[in-house]
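*Asks:* Attaching a single structure in structure tokens format; questions to follow.
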Amino acid sequence: MIDFSIAPKTLKAIRQAHKTADYLKSIARYYDDHEHEELKPDEVKTLKELTVAPGLALAEPGPGDGGMLSSIMLSEVSCMGDPMITQSVAGFGLGNAAIGAVATPEQKARFGHLFCAMAITEPGFGSDTSAVATTAKLDPDTNEWILNGEKIFVTSGKRCEAVVVWATLDKSKGRPAIKSFVVEKTRPGCTLTKLEHKLGIRASDTASIVLEDCRIPFDNILGSPEIKEAKGGQAGVLATFDATRPHVASQALGVARAAIEFTKEKLEEAGYTFPYDKGIHSLNAVQKEMLDMEANLEAARLLVWQSATMLDKALRNSLESSMGKAKAGSACSRICQRCVALLGPLGYSRETLAEKWMRDVKINDIFEGTGQIQMLVVCRQVLGFNRTQLK
Ligand SMILES: Cc1cc2nc3c(=O)[nH]c(=O)nc-3n(C[C@H](O)[C@H](O)[C@H](O)COP(=O)(O)OP(=O)(O)OC[C@H]3O[C@@H](n4cnc5c(N)ncnc54)[C@H](O)[C@@H]3O)c2cc1C
């Protein structure tokens with residue numbers, strides 16, 4: 001049975017996260033306009049005082065530890081303010097979720113306090129993660145891994161302290177040879193080469209990173225160095241998606257929730273009411289649309305919570321995490337677009353954050369696997385097909 005009961009300490013943290021979100025909203029437009037600019041020291045101080053994204057400190061999300069659900073609940077609320085400033089100040093990136101999911105206790109102690117980005121994508125591929133060309137070779141004399149390759153579109157690649165890098169131990173052995181490695185940014189041979197200019201999430205940096213004979217200790221590999229065929233489900237390096245996808249989905253939920261709340265408030269000011277006890281035939285188009293958006297947001301949220309709860313119970317959740325991300329990515333993108341439309345000129349104007357939410361939320365349907373890729377993962381599992389049978 002699925003139990004979504006919320007612990008008192010999480011409820012308290014959620015209330016606090018709403019205050020954080022209110023503050024984030026007040027500075028969100030500035031950092032959308034000033035892409036790549038660092039937060040001012042007094043803003044960082046205020047955000048730290050507000051204990052930004054407290055759940056992220058409260059919860060070390062990982063299989064069986066009970067923290068994933070509270071972490072994604074808190075992420076949703078914080079992202080109502082701004083999805084990316086939250087991450088930078090909390091020092092919590094997708095690499096942290098991956099470490100929480102698959103690292104050993106010793107590795108969690110070594111890397112848990114670092115702000116970690118996630119670097120999978122390369123110039124040669126995005127969706128097809130089996131095409132990883134970055135290499136990791138073991139130097140038997142020093143017992144170090146030597147990494148070579150280029151990673152692009154690394155969210156928080158500039159601001160992070162370490163990057164979880166996907167690299168292959170032997171390209172000829174395909175997917176089982178792909179492993180993830182924690183690379184601290186201070187390591188010689190790890191160089192930031194480019195910053196992207198983007199449509200949305202402009203408060204975050206998105207970087208290219210080149211690894212040239214970059215040496216890291218043997219123990220920086222996440223999981224086993226053994227190359228063996230996985231048996232079904234998301235095994236090996238792909239298992240990190242089971243933890244990162246609910247996080248990405250929770251960001252979308254937060255942005256869409258902010259858009260719905262704002263739009264409803266403005267429509268109520270204009271005289272609309274939103275009754276929940278009337279038949280559909282008696283609702284006007286605007287009322288019906290609002291209820292439809294709310295129902296879709298709730299449906300997405302329940303799927304995401306389900307995937308997080310399963311991770312907390314150490315159950316395999318790869319199907320559910322893809323379902324949640326697919327639904328949240330598409331529903332939240334549509335919600336933000338519809339809110340802009342319902343708000344009329346106010347929605348399109350930069351006076352409010354509605355147009356920014358529409359731009360920001362789109363990424364949640366792209367990174368950590370696009371909507372189409374999530375549907376592919378879901379279809380394969382539901383229909384019992386493998387990668388060769390359904391691609
Ligand atoms: C702002 C931003 C931040 C990012 N952050 C990160 C990050 O932190 N770390 C990281 O590793 N990557 C990151 N990425 C990269 C992102 O994960 C990839 O862009 C994404 O995986 C898609 O890959 P692609 O762009 O190469 O598209 P492609 O793989 O070339 O796909 C193009 C289109 O074809 C569709 N498609 C592909 N294959 C199939 C299929 N088999 N069936 C149906 N449709 C298909 C896709 O859904 C997509 O619509 C980021 C990207 C952006 C834009």
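By order of appearance in the structure tokens: chains A, B, ..., then residues from 1 within every chain, and ligands from 1 in the order shown.
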Using only C-alpha atoms and all ligand atoms, determine which residues fall within 10 Å of ligand 1, then list them as a compact mmCIF listing (two decimals) with C-alpha atoms, in the first residue's frame.

*Replies:*
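For reference, part.txt as written:
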# COMPACT_ATOMS: atom_id res chain seq x y z
CA GLY A 93 22.30 19.13 -8.00
CA LEU A 94 21.29 16.01 -9.88
CA GLY A 95 24.70 14.51 -9.09
CA CYS A 116 27.36 17.83 -7.50
CA ALA A 117 26.23 18.21 -11.12
CA MET A 118 25.47 15.33 -13.47
CA ALA A 119 27.34 14.95 -16.78
CA ILE A 120 25.96 12.38 -19.20
CA THR A 121 25.39 14.26 -22.48
CA GLU A 122 28.21 14.56 -25.03
CA PRO A 123 28.56 16.26 -28.43
CA GLY A 124 27.78 12.89 -30.05
CA PHE A 125 24.56 12.01 -28.21
CA GLY A 126 21.81 13.04 -25.83
CA SER A 127 19.00 10.51 -25.58
CA ASP A 128 20.99 7.45 -26.59
CA THR A 129 23.07 7.03 -23.43
CA LYS A 151 30.56 16.67 -21.59
CA ILE A 152 28.06 19.30 -22.73
CA PHE A 153 24.92 20.87 -21.25
CA VAL A 154 25.97 20.18 -17.67
CA THR A 155 23.46 21.96 -15.42
CA SER A 156 25.35 23.85 -12.68
CA GLY A 157 28.61 22.73 -14.27
CA VAL A 163 30.53 16.34 -11.35
CA VAL A 164 29.14 12.82 -11.61
CA VAL A 165 30.56 11.81 -15.01
CA TRP A 166 29.38 8.89 -17.11
CA GLU A 196 25.24 28.23 -22.71
CA HIS A 197 22.75 31.07 -23.23
CA LYS A 198 19.28 29.62 -22.74
CA LEU A 199 15.56 30.03 -23.25
CA GLY A 200 14.67 29.27 -19.63
CA ILE A 201 16.16 28.31 -16.25
CA ARG A 202 18.50 31.23 -16.85
CA SER A 204 21.31 28.27 -13.54
CA ASP A 205 24.51 27.87 -15.49
CA THR A 206 24.74 25.19 -18.17
CA ALA A 207 28.32 24.30 -19.01
CA SER A 208 30.60 22.26 -21.23
CA ASP A 360 11.53 27.50 -17.33
CA LYS A 362 10.03 23.21 -20.69
CA ILE A 363 13.41 21.86 -19.61
CA ASN A 364 11.74 19.33 -17.33
CA ASP A 365 10.40 17.62 -20.43
CA ILE A 366 13.92 17.51 -21.91
CA PHE A 367 16.71 16.75 -19.43
CA GLU A 368 17.17 13.44 -17.63
CA GLY A 369 15.41 11.89 -20.64
CA THR A 370 12.93 13.64 -22.90
CA GLY A 371 9.19 12.98 -22.75
CA GLN A 372 9.50 10.64 -25.74
CA ILE A 373 12.27 8.65 -24.06
CA GLN A 374 10.21 8.31 -20.87
CA MET A 375 7.32 6.96 -22.95
CA LEU A 376 9.72 4.49 -24.56
CA VAL A 377 10.92 3.29 -21.14
CA ARG A 387 15.69 -2.24 -26.25
CA LEU A 390 11.22 -1.34 -29.20
CA LYS A 391 13.43 1.65 -30.04

*Asks:* Would you please give, as a list in words, all residues of stretch 102-149 of chain A that DSSP assigns to helix (DSSP H, G or I) based on the backbone?

*Replies:*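 Put together, the selection reads Val102, Pro105, Glu106, Gln107, Lys108, Ala109, Arg110, Phe111, Thr129, Ser130 and Ala131 of chain A.
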
*Asks:* Ranking A:Val237, A:Ala162, A:Leu222, A:Leu283 by minimum distance to A:Ile178 and counting only C-alpha atoms, which one comes first?

*Replies:*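 Selected residue with least distance to A:Ile178: A:Val237.
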
*Asks:* For A:Asp170, work out the shell of residues within 9 Å, counting only C-alpha atoms and skipping chain neighbours fewer than 6 positions away, then give it as a list in words.

*Replies:*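 These residues fall inside the cut-off: Thr135, Ala136, Lys137, Ala177, Ile178 and Ile227 of chain A.
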
*Asks:* Step one, run DSSP on the backbone; step two, keep only residues of stretch 35-276 of chain A assigned to strand (DSSP E or B); then write them as a PyMOL selection string.

*Replies:* chain A and resi 116-119+122+125+135-139+144-155+162-168+178-184+190-195+206-217+221-222

*Asks:* With 10 Å as the cut-off and only C-alpha atoms counted, what is the closest atom pair between each nearby residue of stretch 174-272 of chain A and stretch 101-104 of chain A? Distances in Å to one decimal, ordered by chain and number, as a Markdown table.

*Replies:*
| residue | atom | partner | partner_atom | distance |
| --- | --- | --- | --- | --- |
| A:Ser180 | CA | A:Val102 | CA | 9.8 |
| A:Val182 | CA | A:Ala103 | CA | 10.0 |
| A:Asp219 | CA | A:Thr104 | CA | 9.9 |
| A:Asn220 | CA | A:Ala103 | CA | 9.4 |
| A:Ile221 | CA | A:Ala103 | CA | 8.7 |
| A:Leu222 | CA | A:Ala103 | CA | 5.6 |
| A:Gly223 | CA | A:Val102 | CA | 6.5 |
| A:Gly236 | CA | A:Val102 | CA | 9.2 |
| A:Val237 | CA | A:Val102 | CA | 8.7 |
| A:Ala239 | CA | A:Val102 | CA | 7.7 |
| A:Thr240 | CA | A:Ala101 | CA | 6.2 |
| A:Phe241 | CA | A:Ala101 | CA | 9.1 |
| A:Asp242 | CA | A:Ala101 | CA | 8.1 |
| A:Ala243 | CA | A:Ala101 | CA | 6.1 |
| A:Thr244 | CA | A:Ala101 | CA | 8.6 |

*Asks:* Take the residues that were just selected and, keeping C-alpha atoms, output them as a JSON list (two decimals), in the first residue's frame.

*Replies:*
[["chain", "number", "residue", "atom", "x", "y", "z"],
["A", 180, "SER", "CA", 29.66, 6.86, -13.20],
["A", 182, "VAL", "CA", 32.70, 11.53, -9.07],
["A", 219, "ASP", "CA", 37.22, 4.85, -4.99],
["A", 220, "ASN", "CA", 35.53, 7.68, -6.93],
["A", 221, "ILE", "CA", 33.69, 5.14, -9.06],
["A", 222, "LEU", "CA", 30.01, 4.82, -8.08],
["A", 223, "GLY", "CA", 29.00, 1.17, -8.03],
["A", 236, "GLY", "CA", 24.03, -0.30, -13.35],
["A", 237, "VAL", "CA", 24.51, 3.34, -14.18],
["A", 239, "ALA", "CA", 19.70, 3.15, -11.82],
["A", 240, "THR", "CA", 20.68, 6.74, -11.02],
["A", 241, "PHE", "CA", 17.75, 7.88, -13.20],
["A", 242, "ASP", "CA", 15.37, 6.24, -10.72],
["A", 243, "ALA", "CA", 16.41, 8.88, -8.19],
["A", 244, "THR", "CA", 17.04, 11.86, -10.45]]

*Asks:* Give the answer as one residue: which of A:Leu383, A:Val340, A:Met310, A:Ala354 has the shortest atom-to-atom distance to A:Met68, using only C-alpha atoms?

*Replies:*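 Smallest separation from A:Met68 among the options: A:Met310.
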
*Asks:* In terms of the shortest atom-to-atom distance over only C-alpha atoms, which of A:Ala341, A:Ile85, A:Leu238, A:Ser333 is closest to A:Ser318?

*Replies:*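 Among A:Ala341, A:Ile85, A:Leu238, A:Ser333, it is A:Leu238 that comes nearest to A:Ser318.
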
*Asks:* Got a sec: who's within 8 Å of A:Ala256, counting only C-alpha atoms, leaving out chain neighbours fewer than 4 positions off, as a PDB file with C-alpha atoms, in the first residue's frame?

*Replies:*
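What ended up in out_20.pdb:
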ATOM      1  CA  MET A  80       7.479  27.627  -6.855  1.00  0.00           C
ATOM      2  CA  ALA A 252       8.072  20.908 -12.932  1.00  0.00           C
ATOM      3  CA  ILE A 260      -1.809  27.934 -11.503  1.00  0.00           C
ATOM      4  CA  LEU A 297      -1.183  18.688 -11.778  1.00  0.00           C
ATOM      5  CA  CYS A 332       3.307  21.059 -16.430  1.00  0.00           C
ATOM      6  CA  SER A 333       4.541  22.451 -19.765  1.00  0.00           C
ATOM      7  CA  ILE A 335      -0.314  24.108 -17.756  1.00  0.00           C
ATOM      8  CA  CYS A 336       2.229  26.935 -17.926  1.00  0.00           C
ATOM      9  CA  TRP A 357       7.481  29.909 -15.842  1.00  0.00           C
ATOM     10  CA  VAL A 361       9.262  24.466 -17.171  1.00  0.00           C
TER      11      VAL A 361
END

*Asks:* Can you measure atom CA of A:Leu253 to atom CA of A:Ala28 for me? One decimal in Å is fine.

*Replies:* 17.2 Å

*Asks:* Would you list the contacts of A:Val378 as a PDB file with C-alpha atoms, in the first residue's frame, taking every protein, DNA or RNA residue within 7 Å and counting only C-alpha atoms, but skipping same-chain residues closer than 5 positions in sequence?

*Replies:*
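Wrote around34.pdb, looks like this:
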ATOM      1  CA  LEU A 319       8.740   2.329 -14.496  1.00  0.00           C
ATOM      2  CA  SER A 322       9.545   7.449 -15.923  1.00  0.00           C
ATOM      3  CA  MET A 323       5.750   7.599 -15.706  1.00  0.00           C
TER       4      MET A 323
END

*Asks:* For A:Leu346, work out the shell of residues within 12 Å, counting only C-alpha atoms and skipping chain neighbours fewer than 5 positions away, then give it as a list in words.

*Replies:*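 Non-adjacent residues within range: Phe262, Thr263, Lys266, Leu267, Cys339, Val340, Ala341, Glu351, Thr352, Leu353, Ala354 and Glu355 of chain A.
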
*Asks:* Distance atom CA of A:Gly112-atom CA of A:Ser75, one decimal place?

*Replies:*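 These two atoms are separated by 17.6 Å.
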
*Asks:* Work out how far atom CA of A:Glu229 is from atom CA of A:Arg215, in Å to one decimal.

*Replies:* 26.8 Å

*Asks:* Please identify all polymer residues within 7 Å of A:Cys190, counting only C-alpha atoms, omitting same-chain residues fewer than 4 positions from it, and present them as a list in words.

*Replies:*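 Those residues are Lys185, Ile209, Val210, Leu211, Glu212 and Cys214 of chain A.
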
*Asks:* Measuring between only C-alpha atoms, which one of A:Ala259, A:Trp305, A:Pro275, A:Leu39 shows the shortest distance to A:Leu291?

*Replies:*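 Of A:Ala259, A:Trp305, A:Pro275, A:Leu39, the one nearest A:Leu291, counting only C-alpha atoms, is A:Pro275.
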